[in-house]
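Visitor: File my_file06.cif follows (mmCIF, C-alpha atoms):
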data_model
loop_
_atom_site.label_atom_id
_atom_site.label_comp_id
_atom_site.auth_asym_id
_atom_site.auth_seq_id
_atom_site.Cartn_x
_atom_site.Cartn_y
_atom_site.Cartn_z
CA MET A 1 87.14 -3.69 -3.86
CA GLU A 2 85.47 -0.63 -5.37
CA LYS A 3 87.16 1.67 -2.84
CA GLU A 4 90.54 0.03 -3.46
CA LEU A 5 90.17 0.43 -7.20
CA LYS A 6 89.22 4.08 -6.83
CA ILE A 7 92.36 4.77 -4.80
CA LEU A 8 94.53 2.89 -7.32
CA ARG A 9 93.06 4.85 -10.21
CA GLU A 10 93.67 8.15 -8.42
CA LEU A 11 97.29 7.18 -7.88
CA ALA A 12 97.64 6.11 -11.52
CA SER A 13 96.26 9.47 -12.62
CA GLN A 14 98.91 11.29 -10.57
CA TYR A 15 101.58 8.99 -11.98
CA PHE A 16 100.59 9.60 -15.59
CA GLU A 17 100.21 13.34 -15.10
CA TYR A 18 103.86 13.60 -14.12
CA ALA A 19 104.97 11.06 -16.73
CA MET A 20 103.57 13.34 -19.43
CA SER A 21 104.96 16.55 -17.92
CA ASP A 22 107.54 18.80 -19.57
CA GLU A 23 109.82 18.21 -16.57
CA ASN A 24 109.83 14.45 -17.12
CA PHE A 25 110.56 14.80 -20.83
CA ARG A 26 113.38 17.29 -20.13
CA LYS A 27 114.97 14.76 -17.81
CA MET A 28 114.64 12.08 -20.48
CA GLU A 29 116.64 14.33 -22.81
CA LEU A 30 119.27 14.77 -20.09
CA HIS A 31 119.59 10.97 -19.81
CA ARG A 32 119.97 10.66 -23.58
CA ALA A 33 122.58 13.42 -23.77
CA SER A 34 124.67 11.79 -21.06
CA ASN A 35 124.58 8.33 -22.67
CA ASP A 36 125.28 9.87 -26.08
CA LEU A 37 128.49 11.43 -24.68
CA LYS A 38 127.27 14.95 -25.48
CA THR A 39 129.92 17.40 -24.30
CA GLY A 40 128.78 19.85 -21.63
CA THR A 41 125.96 17.69 -20.30
CA ARG A 42 125.59 18.10 -16.55
CA PRO A 43 125.76 14.99 -14.33
CA VAL A 44 122.59 12.92 -13.98
CA VAL A 45 121.60 12.36 -10.34
CA LEU A 46 119.79 9.11 -9.47
CA LEU A 47 118.87 7.22 -6.30
CA ASN A 48 117.99 3.55 -6.48
CA GLU A 49 117.89 0.32 -4.47
CA ILE A 50 116.13 2.15 -1.66
CA PRO A 51 115.62 0.37 1.72
CA TRP A 52 111.86 0.64 1.38
CA HIS A 53 111.28 -1.61 4.38
CA GLU A 54 112.54 1.26 6.55
CA LEU A 55 110.32 3.86 4.88
CA GLU A 56 107.09 1.90 4.47
CA PRO A 57 105.59 2.91 7.82
CA ALA A 58 104.84 6.13 5.90
CA GLU A 59 101.13 6.17 5.05
CA GLU A 60 101.87 7.23 1.47
CA LEU A 61 103.60 3.90 0.89
CA ARG A 62 100.96 1.56 2.33
CA PRO A 63 99.10 -0.34 -0.42
CA VAL A 64 95.39 -1.00 -0.03
CA CYS A 65 94.69 -3.36 -2.94
CA GLN A 66 94.20 -6.99 -1.91
CA ASP A 67 94.38 -8.40 -5.45
CA PRO A 68 98.07 -9.49 -5.71
CA ILE A 69 98.52 -8.25 -9.29
CA LEU A 70 97.01 -4.84 -8.60
CA ARG A 71 98.81 -4.63 -5.25
CA GLU A 72 102.13 -4.99 -7.04
CA VAL A 73 101.20 -2.23 -9.48
CA GLU A 74 100.00 -0.04 -6.62
CA GLY A 75 103.26 -0.59 -4.74
CA HIS A 76 105.27 0.48 -7.79
CA ILE A 77 103.17 3.62 -8.28
CA ARG A 78 103.27 4.57 -4.60
CA ARG A 79 107.05 4.20 -4.41
CA THR A 80 107.48 6.20 -7.62
CA LEU A 81 105.28 9.04 -6.39
CA PHE A 82 106.96 8.99 -2.97
CA GLN A 83 110.41 9.29 -4.51
CA LYS A 84 109.22 12.00 -6.89
CA LYS A 85 107.94 13.99 -3.91
CA TYR A 86 110.89 13.63 -1.53
CA PHE A 87 114.13 12.67 -3.33
CA PRO A 88 113.60 12.62 -7.12
CA GLY A 89 117.00 13.65 -8.43
CA ASP A 90 116.78 13.21 -12.19
CA MET A 91 114.54 10.13 -12.12
CA VAL A 92 112.36 9.64 -15.17
CA ILE A 93 108.99 7.93 -15.24
CA ALA A 94 107.90 5.75 -18.15
CA PRO A 95 104.68 7.08 -19.73
CA TYR A 96 102.94 3.75 -19.17
CA ILE A 97 102.48 0.99 -16.63
CA GLY A 98 104.60 -2.00 -17.58
CA VAL A 99 103.50 -5.62 -17.29
CA ARG A 100 106.52 -7.87 -17.66
CA LYS A 101 106.45 -10.80 -20.05
CA ILE A 102 106.69 -13.98 -18.00
CA VAL A 103 109.64 -16.08 -19.16
CA LEU A 104 110.21 -19.42 -17.47
CA ASP A 105 113.26 -21.66 -17.40
CA GLU A 106 112.08 -25.21 -18.03
CA ASN A 107 115.53 -26.63 -17.31
CA MET A 108 115.95 -25.90 -13.61
CA GLY A 109 119.45 -26.87 -12.56
CA LEU A 110 122.04 -26.10 -9.93
CA LYS A 111 120.93 -24.22 -6.82
CA PRO A 112 123.14 -22.43 -4.28
CA VAL A 113 123.79 -24.19 -0.99
CA TYR A 114 124.37 -21.73 1.82
CA THR A 115 124.02 -20.76 5.45
CA ALA A 116 122.27 -17.43 5.98
CA VAL A 117 123.93 -15.01 8.36
CA ASP A 118 121.41 -13.47 10.74
CA ARG A 119 119.95 -10.20 9.41
CA LYS A 120 116.67 -8.36 9.80
CA SER A 121 114.14 -10.48 7.94
CA GLU A 122 112.40 -7.48 6.37
CA ASN A 123 115.62 -6.29 4.75
CA ASP A 124 116.19 -7.48 1.16
CA VAL A 125 119.93 -7.39 1.82
CA GLN A 126 121.10 -10.63 3.43
CA ALA A 127 124.54 -12.12 4.06
CA HIS A 128 125.22 -15.75 3.10
CA GLN A 129 128.04 -18.23 3.40
CA PHE A 130 128.04 -20.46 0.32
CA GLU A 131 129.30 -24.01 -0.02
CA THR A 132 131.59 -25.12 -2.84
CA GLN A 133 129.90 -27.38 -5.40
CA PHE A 134 132.69 -27.52 -8.02
CA HIS A 135 135.66 -29.72 -7.20
CA SER A 136 136.71 -31.24 -10.54
CA MET A 137 136.33 -30.81 -14.29
CA GLU A 138 133.44 -33.28 -14.23
CA ASP A 139 131.50 -30.85 -12.03
CA VAL A 140 131.40 -28.25 -14.82
CA GLU A 141 128.57 -30.26 -16.36
CA LYS A 142 126.43 -29.42 -13.32
CA ILE A 143 125.82 -26.03 -14.95
CA PRO A 144 122.82 -26.56 -17.24
CA PHE A 145 121.89 -24.75 -20.41
CA THR A 146 118.58 -22.94 -20.00
CA LYS A 147 115.45 -23.87 -21.92
CA LEU A 148 113.30 -20.76 -21.92
CA HIS A 149 109.56 -20.56 -22.44
CA TYR A 150 107.49 -17.41 -22.86
CA ASP A 151 104.29 -18.01 -20.90
CA ARG A 152 102.03 -15.90 -23.06
CA GLU A 153 98.83 -17.08 -21.39
CA ALA A 154 99.92 -16.11 -17.86
CA THR A 155 101.37 -12.85 -19.18
CA MET A 156 98.10 -11.89 -20.83
CA GLN A 157 96.15 -12.71 -17.67
CA HIS A 158 98.32 -10.23 -15.79
CA TYR A 159 98.08 -7.69 -18.59
CA GLU A 160 94.29 -7.89 -18.86
CA ARG A 161 93.90 -7.54 -15.10
CA VAL A 162 95.94 -4.33 -15.05
CA ALA A 163 94.48 -2.98 -18.30
CA ASP A 164 90.90 -3.53 -17.12
CA ALA A 165 91.67 -1.46 -14.02
CA LEU A 166 93.79 1.33 -15.49
CA ALA A 167 94.04 1.44 -19.28
CA ASP A 168 91.53 4.30 -19.61
CA ILE A 169 93.78 6.42 -17.35
CA VAL A 170 97.34 5.39 -18.25
CA PRO A 171 98.63 3.19 -21.11
CA VAL A 172 99.42 -0.38 -20.07
CA LYS A 173 102.28 -2.02 -21.98
CA LEU A 174 103.90 -5.44 -22.11
CA THR A 175 107.59 -5.12 -21.29
CA GLY A 176 110.45 -7.55 -21.80
CA MET A 177 113.98 -8.34 -20.71
CA TYR A 178 116.58 -5.63 -20.31
CA ALA A 179 119.85 -5.05 -18.49
CA VAL A 180 119.90 -6.06 -15.59
CA MET A 181 116.46 -7.71 -15.70
CA GLY A 182 117.51 -10.87 -17.53
CA ILE A 183 120.47 -9.39 -19.44
CA ASN A 184 123.41 -9.52 -17.09
CA SER A 185 126.70 -11.30 -17.78
CA THR A 186 128.24 -11.77 -14.33
CA PRO A 187 129.78 -15.26 -14.29
CA TRP A 188 131.96 -14.52 -11.27
CA ASP A 189 129.03 -13.24 -9.23
CA LEU A 190 127.25 -16.49 -10.09
CA LEU A 191 130.26 -18.62 -9.20
CA ALA A 192 130.39 -16.86 -5.83
CA GLN A 193 126.99 -18.41 -5.10
CA TYR A 194 128.26 -21.92 -5.87
CA MET A 195 131.65 -21.73 -4.15
CA ASN A 196 132.92 -20.31 -0.89
CA MET A 197 135.11 -17.27 -1.41
CA ASP A 198 138.38 -18.88 -0.32
CA ASP A 199 137.97 -21.72 -2.82
CA LEU A 200 136.92 -19.37 -5.59
CA LEU A 201 139.88 -17.02 -5.28
CA TYR A 202 142.56 -19.60 -4.44
CA ASN A 203 141.46 -21.80 -7.34
CA MET A 204 142.26 -19.04 -9.82
CA TYR A 205 145.87 -19.79 -8.91
CA ASP A 206 145.71 -23.43 -7.84
CA GLU A 207 143.15 -24.76 -10.36
CA PRO A 208 143.09 -22.29 -13.28
CA GLU A 209 141.94 -24.92 -15.78
CA LEU A 210 138.84 -25.62 -13.69
CA MET A 211 138.03 -21.94 -13.23
CA HIS A 212 138.44 -21.22 -16.94
CA ALA A 213 136.14 -24.15 -17.75
CA LEU A 214 133.49 -22.85 -15.34
CA VAL A 215 133.56 -19.29 -16.67
CA SER A 216 133.56 -20.53 -20.25
CA ARG A 217 130.53 -22.70 -19.54
CA LEU A 218 128.64 -19.83 -17.87
CA THR A 219 129.47 -17.59 -20.83
CA ASP A 220 128.14 -20.18 -23.28
CA VAL A 221 124.96 -20.48 -21.21
CA PHE A 222 124.53 -16.69 -21.14
CA VAL A 223 125.02 -16.24 -24.89
CA ASP A 224 122.60 -19.09 -25.63
CA GLN A 225 120.03 -17.58 -23.27
CA MET A 226 120.30 -14.16 -24.96
CA HIS A 227 119.65 -15.70 -28.37
CA GLN A 228 116.63 -17.48 -26.91
CA TYR A 229 115.30 -14.14 -25.65
CA GLU A 230 115.71 -12.71 -29.13
CA ALA A 231 114.00 -15.68 -30.80
CA LEU A 232 111.10 -15.56 -28.31
CA GLY A 233 110.54 -11.87 -28.93
CA VAL A 234 110.91 -10.91 -25.26
CA LEU A 235 113.69 -8.30 -25.43
CA GLU A 236 112.71 -4.81 -24.24
CA GLY A 237 113.43 -1.99 -26.66
CA ASP A 238 112.10 0.84 -24.48
CA SER A 239 114.07 0.60 -21.26
CA TYR A 240 114.47 3.53 -18.89
CA ASP A 241 116.78 1.76 -16.44
CA LEU A 242 120.28 0.34 -16.89
CA HIS A 243 121.06 -1.13 -13.47
CA CYS A 244 120.21 2.08 -11.60
CA THR A 245 121.69 4.33 -14.30
CA PRO A 246 120.17 6.00 -17.39
CA ALA A 247 119.34 3.70 -20.32
CA LEU A 248 117.85 6.20 -22.77
CA THR A 249 119.99 6.95 -25.82
CA ASN A 250 119.66 8.10 -29.43
CA ASP A 251 122.20 5.49 -30.52
CA LEU A 252 119.96 2.42 -30.29
CA HIS A 253 117.03 2.00 -32.67
CA PRO A 254 114.91 -1.02 -31.69
CA ASP A 255 112.47 -2.53 -34.18
CA ARG A 256 108.86 -2.18 -33.12
CA ASP A 257 107.89 -5.71 -34.08
CA ARG A 258 110.93 -7.75 -33.03
CA VAL A 259 113.70 -6.28 -30.86
CA LYS A 260 117.18 -7.65 -31.59
CA LEU A 261 120.23 -7.99 -29.38
CA ASP A 262 122.17 -5.36 -31.30
CA GLN A 263 119.38 -2.87 -30.49
CA VAL A 264 119.64 -3.09 -26.68
CA TRP A 265 122.16 -2.58 -23.89
CA GLY A 266 124.34 -5.40 -22.62
CA ARG A 267 125.52 -5.43 -19.01
CA ALA A 268 128.55 -7.11 -17.47
CA ALA A 269 130.55 -7.02 -14.24
CA ALA A 270 132.92 -9.06 -12.08
CA GLN A 271 132.62 -7.68 -8.57
CA ILE A 272 134.43 -10.63 -6.99
CA LEU A 273 137.54 -9.80 -9.04
CA GLY A 274 137.78 -6.24 -7.74
CA PHE A 275 141.11 -6.83 -6.03
CA VAL A 276 142.81 -9.31 -8.35
CA SER A 277 145.52 -8.01 -10.64
CA PRO A 278 144.69 -6.45 -14.02
CA ASP A 279 146.32 -9.42 -15.76
CA MET A 280 144.17 -11.95 -13.89
CA HIS A 281 141.03 -9.85 -14.39
CA ASP A 282 141.76 -9.73 -18.10
CA GLU A 283 142.46 -13.46 -18.33
CA PHE A 284 139.57 -14.70 -16.21
CA ASP A 285 136.81 -12.22 -17.08
CA ILE A 286 137.41 -9.74 -19.89
CA THR A 287 138.36 -12.53 -22.30
CA TYR A 288 134.91 -14.03 -21.79
CA GLN A 289 133.00 -10.73 -21.67
CA ILE A 290 134.30 -9.89 -25.15
CA ARG A 291 132.39 -12.92 -26.39
CA ALA A 292 129.36 -12.35 -24.15
CA MET A 293 128.91 -8.67 -25.08
CA GLN A 294 129.60 -9.00 -28.82
CA PRO A 295 125.90 -9.24 -29.81
CA PHE A 296 124.77 -6.04 -28.02
CA GLY A 297 124.38 -2.55 -29.40
CA LEU A 298 125.90 -0.80 -26.36
CA VAL A 299 127.53 -2.14 -23.19
CA TYR A 300 127.84 -1.05 -19.55
CA TYR A 301 130.63 -2.71 -17.54
CA GLY A 302 131.33 -2.57 -13.83
CA CYS A 303 129.45 -2.54 -10.57
CA CYS A 304 131.11 -2.38 -7.12
CA GLU A 305 134.59 -3.46 -8.24
CA ALA A 306 137.39 -0.88 -8.38
CA LEU A 307 138.48 -0.56 -12.02
CA HIS A 308 140.85 2.44 -11.96
CA GLN A 309 143.86 0.29 -12.89
CA LYS A 310 141.88 -1.74 -15.43
CA ILE A 311 140.28 0.77 -17.82
CA ASP A 312 142.59 -0.37 -20.62
CA ILE A 313 141.49 -4.00 -20.37
CA VAL A 314 137.81 -3.10 -19.94
CA SER A 315 138.12 -1.05 -23.14
CA LYS A 316 138.62 -4.30 -25.07
CA ILE A 317 134.91 -5.09 -24.66
CA PRO A 318 133.05 -4.39 -27.92
CA ASN A 319 130.43 -1.62 -28.07
CA LEU A 320 131.43 -0.35 -24.63
CA ARG A 321 129.68 2.91 -23.70
CA LYS A 322 129.61 3.14 -19.87
CA ILE A 323 132.01 2.16 -17.05
CA GLY A 324 131.28 2.02 -13.33
CA VAL A 325 133.55 4.00 -10.99
CA THR A 326 133.03 3.06 -7.35
CA PRO A 327 133.87 4.67 -3.99
CA TRP A 328 136.77 2.20 -3.72
CA ALA A 329 138.38 3.34 -6.95
CA ASP A 330 140.93 6.13 -7.36
CA THR A 331 138.57 8.63 -8.95
CA ASP A 332 141.15 10.74 -10.75
CA VAL A 333 143.05 7.76 -12.14
CA ALA A 334 139.87 6.08 -13.41
CA ILE A 335 138.27 9.16 -14.95
CA GLU A 336 141.51 10.34 -16.57
CA ALA A 337 141.85 6.93 -18.20
CA ILE A 338 138.24 7.16 -19.45
CA SER A 339 138.76 10.73 -20.75
CA GLY A 340 135.43 11.23 -22.48
CA ARG A 341 135.43 7.92 -24.36
CA TYR A 342 132.76 6.43 -22.11
CA VAL A 343 130.11 7.56 -19.64
CA VAL A 344 131.35 7.56 -16.05
CA SER A 345 128.80 5.85 -13.80
CA ALA A 346 129.97 7.34 -10.50
CA LYS A 347 128.74 5.40 -7.48
CA ALA A 348 128.33 7.29 -4.23
CA ASN A 349 129.21 5.57 -0.97
CA PRO A 350 125.93 4.32 0.56
CA GLY A 351 127.61 4.10 3.94
CA LEU A 352 127.50 7.89 4.12
CA VAL A 353 123.68 7.86 4.33
CA ALA A 354 123.49 5.00 6.83
CA GLU A 355 123.94 7.01 10.03
CA ARG A 356 121.33 9.17 11.73
CA ASN A 357 123.81 12.05 11.86
CA MET A 358 125.30 12.22 8.38
CA ASP A 359 128.67 13.76 7.58
CA MET A 360 127.52 16.31 5.01
CA ALA A 361 131.08 17.49 4.38
CA ALA A 362 132.08 13.94 3.39
CA ILE A 363 129.01 13.61 1.15
CA SER A 364 129.69 16.93 -0.59
CA GLY A 365 133.38 16.14 -0.93
CA GLU A 366 132.75 12.77 -2.59
CA ILE A 367 130.27 14.20 -5.10
CA GLU A 368 132.44 17.22 -5.89
CA LYS A 369 135.44 14.97 -6.48
CA TYR A 370 133.51 12.97 -9.08
CA VAL A 371 132.08 16.05 -10.77
CA ASP A 372 135.37 17.95 -10.84
CA ALA A 373 137.23 15.00 -12.38
CA CYS A 374 134.55 14.49 -15.03
CA HIS A 375 134.69 18.19 -15.89
CA ARG A 376 138.51 18.15 -16.17
CA TYR A 377 138.60 15.06 -18.38
CA GLY A 378 135.54 15.79 -20.54
CA CYS A 379 133.32 12.94 -19.34
CA THR A 380 129.57 12.72 -19.08
CA CYS A 381 128.56 11.33 -15.73
CA ASP A 382 125.87 9.52 -13.74
CA LEU A 383 125.92 10.29 -10.01
CA VAL A 384 124.23 7.23 -8.53
CA LEU A 385 123.37 6.43 -4.92
CA LYS A 386 122.48 2.73 -4.79
CA ASP A 387 123.03 -0.43 -2.71
CA ILE A 388 121.44 1.43 0.20
CA THR A 389 121.12 -1.15 2.99
CA THR A 390 119.91 1.32 5.60
CA VAL A 391 119.20 5.00 6.22
CA SER A 392 118.50 4.37 9.91
CA GLY A 393 114.82 4.76 9.14
CA ARG A 394 115.30 8.39 8.07
CA THR A 395 113.82 9.47 4.75
CA GLN A 396 115.54 12.78 5.46
CA ASN A 397 118.93 11.16 4.80
CA LEU A 398 117.90 10.53 1.20
CA VAL A 399 116.36 14.00 0.92
CA GLU A 400 119.58 15.68 2.08
CA TRP A 401 121.83 13.54 -0.15
CA GLU A 402 119.60 14.30 -3.16
CA GLN A 403 119.54 18.03 -2.48
CA THR A 404 123.33 18.12 -2.10
CA ALA A 405 123.93 16.11 -5.29
CA MET A 406 121.51 18.21 -7.33
CA ARG A 407 123.07 21.46 -6.09
CA ILE A 408 126.54 20.30 -7.11
CA ALA A 409 125.42 18.75 -10.41
CA GLN A 410 123.54 21.88 -11.47
CA LYS A 411 126.69 23.99 -11.07
CA TYR A 412 128.41 21.91 -13.77
#
Translate this file's structure into C-alpha cells.

Guide:
Amino acid sequence: MEKELKILRELASQYFEYAMSDENFRKMELHRASNDLKTGTRPVVLLNEIPWHELEPAEELRPVCQDPILREVEGHIRRTLFQKKYFPGDMVIAPYIGVRKIVLDENMGLKPVYTAVDRKSENDVQAHQFETQFHSMEDVEKIPFTKLHYDREATMQHYERVADALADIVPVKLTGMYAVMGINSTPWDLLAQYMNMDDLLYNMYDEPELMHALVSRLTDVFVDQMHQYEALGVLEGDSYDLHCTPALTNDLHPDRDRVKLDQVWGRAAAQILGFVSPDMHDEFDITYQIRAMQPFGLVYYGCCEALHQKIDIVSKIPNLRKIGVTPWADTDVAIEAISGRYVVSAKANPGLVAERNMDMAAISGEIEKYVDACHRYGCTCDLVLKDITTVSGRTQNLVEWEQTAMRIAQKY
C-alpha cells in the first residue's frame, strides 16, 4: 500500500505541475476565446473518447493502486499524462482532482430490452438491437419522473479518501453535474433504446400522436430533473468539458455557493433524426428542445447528425452558442449558414484513424476543409476527433492525426 501511494502521489505531482503551467493556462484562454466567438481565434484541437482498451498494454497506463477509489483516480491521472505526452492537441487540465457528487435516482423505472451484437468485450463500444416497449398512448406512462437524492455521506467518503492521499500535493474538489454528465437533452437517443429503429422512424409517420406524447413526456422528465439538480446544489459551475469540446467561457458567471441553471451549459441532440426532413426534425425535436434548453445560460446542439440543411431551425433554440458539424454534413453549406453566429464544433471522421495504414491526404483534406470554411465565414471552431472505436492498437495513429491537426490549425 505504501509503495502504491508513493507512485500515485508522484503521478499527482506531475499532473498538478502541468495543470499550473503557463501552457495550460494559455490553452484555457484559447478555449474561452473560441466559445466567446472572438474573431481571429485559431481552431481548438481536441481528441476524446479514446479506445483506451487498445492502448492500455502500455506500461504508463497500468494502474497499481488496489483501493478502488484511488485506482479510479490513478487511472484518470495516467490517461491524462499519457495523452499530454503523446497526442495533447489543445487539451486543458483542471487544476484539481475532481470527486463527483453522487446523485442517485430513487425512482428506477423503464430499462432497455435488447440483444447485444457480438463485439470485443473489452471495447466500450457495443452494438445492440432494442425491442419496442411503446405500443399505445397508455405506454407513455411507463416513463417515470426521476426522484433524485444527493448521497452526501457516500460522496464525502470518496472525497476524504482522495483528499487524505493527495490534498497536500494537488487540490481535491467536489464536482457536480455538467453537460453531458447529467445535463443532456436527447429524447430521441433515449427512445432508440426503448424501440427498434424501424418502429421508431415509421411511427413518426404512422403514429405521430404517440411519438409526440413520448417526446413531450421525456422533455418534462428532463426539465424536472434539471430543476432537481439545481435545488440539490449539484450543478457544476467550473466545467472544462462540453461533450468533448471546450466548455470554458467568459459569458457564464456561476455563483460560488449555489450554481443555477442559467449559469451553466445545456446540451441537446437528436442523432436518430439525422436523415429526416427539416420539417419533421423541427416538429419532433426542436419544438421540445426550445422548452428543454430555455433554463440554460448557453447551449450546444448536435452530435453525429448532419445539420447542414437545418441550421435555421436549430437557431430557434434559446441561448444557442455552439452547433455540431459532422463528417456527414455538407461542410460549406453548414458553416456558411452559421456565419460566425455560433461556434462550429467540427467533428473529424474517426474512421480515418481506424486503419493501420492511414490515408494522411484524406485526414489533411478533411481538416483543411473545415478550417478554410470557418475562415471564409468568420466562425470560431473546435476540431474534435471523438467516437474513436479503434486505432488498430496504434497510438501512432492518434499522434499523427494530432500533429496534422495542430499544424493546420496553427496556420489559421

Visitor: Calculate how many Å separate atom CA of Pro68 of chain A from atom CA of Ile97 of chain A, rounding to one decimal.

Guide: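 If I compute the distance from atom CA of Pro68 of chain A to atom CA of Ile97 of chain A, I get 15.8 Å.
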
Visitor: What is the atom CA of Ala409 of chain A-atom CA of Arg267 of chain A distance in Å, reported with one decimal?

Guide: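 Between atom CA of Ala409 of chain A and atom CA of Arg267 of chain A the gap works out to 25.7 Å.
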
Visitor: Since I can't run it myself right now, could you work out what the PyMOL selection byres ((chain A and resi 82) around 12) selects here and report it as a PDB file with C-alpha atoms, keeping the file's coordinate frame?

Guide:
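After the write, expr21.pdb holds the following:
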ATOM      1  CA  LEU A  11      97.290   7.180  -7.880  1.00  0.00           C
ATOM      2  CA  GLN A  14      98.910  11.290 -10.570  1.00  0.00           C
ATOM      3  CA  TYR A  15     101.580   8.990 -11.980  1.00  0.00           C
ATOM      4  CA  ILE A  50     116.130   2.150  -1.660  1.00  0.00           C
ATOM      5  CA  TRP A  52     111.860   0.640   1.380  1.00  0.00           C
ATOM      6  CA  LEU A  55     110.320   3.860   4.880  1.00  0.00           C
ATOM      7  CA  GLU A  56     107.090   1.900   4.470  1.00  0.00           C
ATOM      8  CA  ALA A  58     104.840   6.130   5.900  1.00  0.00           C
ATOM      9  CA  GLU A  59     101.130   6.170   5.050  1.00  0.00           C
ATOM     10  CA  GLU A  60     101.870   7.230   1.470  1.00  0.00           C
ATOM     11  CA  LEU A  61     103.600   3.900   0.890  1.00  0.00           C
ATOM     12  CA  ARG A  62     100.960   1.560   2.330  1.00  0.00           C
ATOM     13  CA  GLU A  74     100.000  -0.040  -6.620  1.00  0.00           C
ATOM     14  CA  GLY A  75     103.260  -0.590  -4.740  1.00  0.00           C
ATOM     15  CA  HIS A  76     105.270   0.480  -7.790  1.00  0.00           C
ATOM     16  CA  ILE A  77     103.170   3.620  -8.280  1.00  0.00           C
ATOM     17  CA  ARG A  78     103.270   4.570  -4.600  1.00  0.00           C
ATOM     18  CA  ARG A  79     107.050   4.200  -4.410  1.00  0.00           C
ATOM     19  CA  THR A  80     107.480   6.200  -7.620  1.00  0.00           C
ATOM     20  CA  LEU A  81     105.280   9.040  -6.390  1.00  0.00           C
ATOM     21  CA  GLN A  83     110.410   9.290  -4.510  1.00  0.00           C
ATOM     22  CA  LYS A  84     109.220  12.000  -6.890  1.00  0.00           C
ATOM     23  CA  LYS A  85     107.940  13.990  -3.910  1.00  0.00           C
ATOM     24  CA  TYR A  86     110.890  13.630  -1.530  1.00  0.00           C
ATOM     25  CA  PHE A  87     114.130  12.670  -3.330  1.00  0.00           C
ATOM     26  CA  PRO A  88     113.600  12.620  -7.120  1.00  0.00           C
ATOM     27  CA  MET A  91     114.540  10.130 -12.120  1.00  0.00           C
ATOM     28  CA  THR A 395     113.820   9.470   4.750  1.00  0.00           C
ATOM     29  CA  LEU A 398     117.900  10.530   1.200  1.00  0.00           C
ATOM     30  CA  VAL A 399     116.360  14.000   0.920  1.00  0.00           C
TER      31      VAL A 399
END

Visitor: Could you give me, as a ChimeraX atom specification, the residues within 6 Å of segment 166-176 of chain A, counting all atoms listed in the file and dropping anything in the same chain fewer than 5 positions from it?

Guide: /A:16,96-101,234-236

Visitor: Once the PyMOL selection byres ((chain A and resi 250) around 9) is applied to the coordinates I shared, what remains selected? I want it as a list in words.

Guide: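 Applying the PyMOL selection byres ((chain A and resi 250) around 9) to the structure shown produces Arg32, Ala33, Asn35, Asp36, Leu248, Thr249, Asp251, Leu252 and His253 of chain A.
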
Visitor: Which residue, A:Leu30, A:Gly324, A:Glu400, A:Glu305, has the smallest gap to Ala361 of chain A when you use only C-alpha atoms?

Guide: A:Glu400

Visitor: So which one's closest to His158 of chain A, A:Glu23, A:Glu230, A:Asp67, A:Asp189? Using all atoms listed in the file, please.

Guide: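 Result for the nearest residue to His158 of chain A: A:Asp67.
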
Visitor: Looking at A:Leu47, A:Thr245, A:Asp332, A:Phe284, which one is nearest to Met406 of chain A, with distances taken over only C-alpha atoms?

Guide: A:Leu47

Visitor: Selected by the PyMOL selection byres ((chain A and resi 132) around 7) in the shown coordinates: which residues, as a PyMOL selection string?

Guide: chain A and resi 130-131+133-134+194-196

Visitor: In Å to one decimal, how far is atom CA of Met197 of chain A from atom CA of Thr219 of chain A?

Guide: 20.2 Å

Visitor: Got a sec: who's within 9 Å of Leu37 of chain A, counting all atoms listed in the file, leaving out chain neighbours fewer than 6 positions off, as a PyMOL selection string?

Guide: chain A and resi 321+340-343+379-381

Visitor: Which one is closest to Leu148 of chain A: A:Thr39, A:Ser185, A:Gln228, A:Gln193? Count only C-alpha atoms.

Guide: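 Checking each of A:Thr39, A:Ser185, A:Gln228, A:Gln193 against Leu148 of chain A, counting only C-alpha atoms, the winner is A:Gln228.
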
Visitor: From the options A:Tyr178, A:Pro112, A:Tyr150, A:Ala329, which residue's atoms come nearest to Leu191 of chain A, counting all atoms listed in the file?

Guide: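 Distance minimum relative to Leu191 of chain A lands on A:Pro112.
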
Visitor: Where's the centre, and what are the edge lengths in Å to one decimal, of a box along x, y and z enclosing all listed atoms of segment 45-52 of chain A padded 5 Å per side, as JSON?

Guide:
{"center_x": 116.7, "center_y": 6.3, "center_z": -4.3, "size_x": 19.7, "size_y": 22.0, "size_z": 22.1}

Visitor: Can you list, as a list in words, every protein, DNA or RNA residue that comes within 9 Å of segment 374-377 of chain A when you count only C-alpha atoms, leaving out same-chain residues fewer than 3 positions away?

Guide: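 Once the adjacent positions are removed, what remains is Gly40, Pro43, Asp332, Ile335, Glu336, Ala337, Ile338, Ser339, Gly340, Val344, Lys369, Tyr370, Val371, Thr380, Cys381 and Tyr412 of chain A.
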
Visitor: Of the residues A:His53, A:Lys260, A:Lys316, A:Lys322, which is the one nearest to Ile388 of chain A, using all atoms listed in the file?

Guide: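 Residue with the minimum atom-to-atom distance to Ile388 of chain A: A:His53.
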
Visitor: Missing atoms in segment 45-51 of chain A: fill them in up to N, CA and C atoms and send the result as a compact mmCIF listing (two decimals), in the frame of the given file.

Guide:
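rebuild-v2.txt written:
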# COMPACT_ATOMS: atom_id res chain seq x y z
N VAL A 45 121.67 12.80 -11.74
CA VAL A 45 121.60 12.36 -10.34
C VAL A 45 120.47 11.34 -10.17
N LEU A 46 120.79 10.16 -9.66
CA LEU A 46 119.79 9.11 -9.47
C LEU A 46 119.98 8.42 -8.12
N LEU A 47 118.87 8.03 -7.52
CA LEU A 47 118.87 7.22 -6.30
C LEU A 47 118.09 5.95 -6.59
N ASN A 48 118.64 4.82 -6.18
CA ASN A 48 117.99 3.55 -6.48
C ASN A 48 118.35 2.53 -5.40
N GLU A 49 117.69 1.38 -5.47
CA GLU A 49 117.89 0.32 -4.47
C GLU A 49 117.69 0.90 -3.07
N ILE A 50 116.52 1.48 -2.89
CA ILE A 50 116.13 2.15 -1.66
C ILE A 50 115.74 1.10 -0.61
N PRO A 51 116.07 1.30 0.67
CA PRO A 51 115.62 0.37 1.72
C PRO A 51 114.16 0.67 2.09
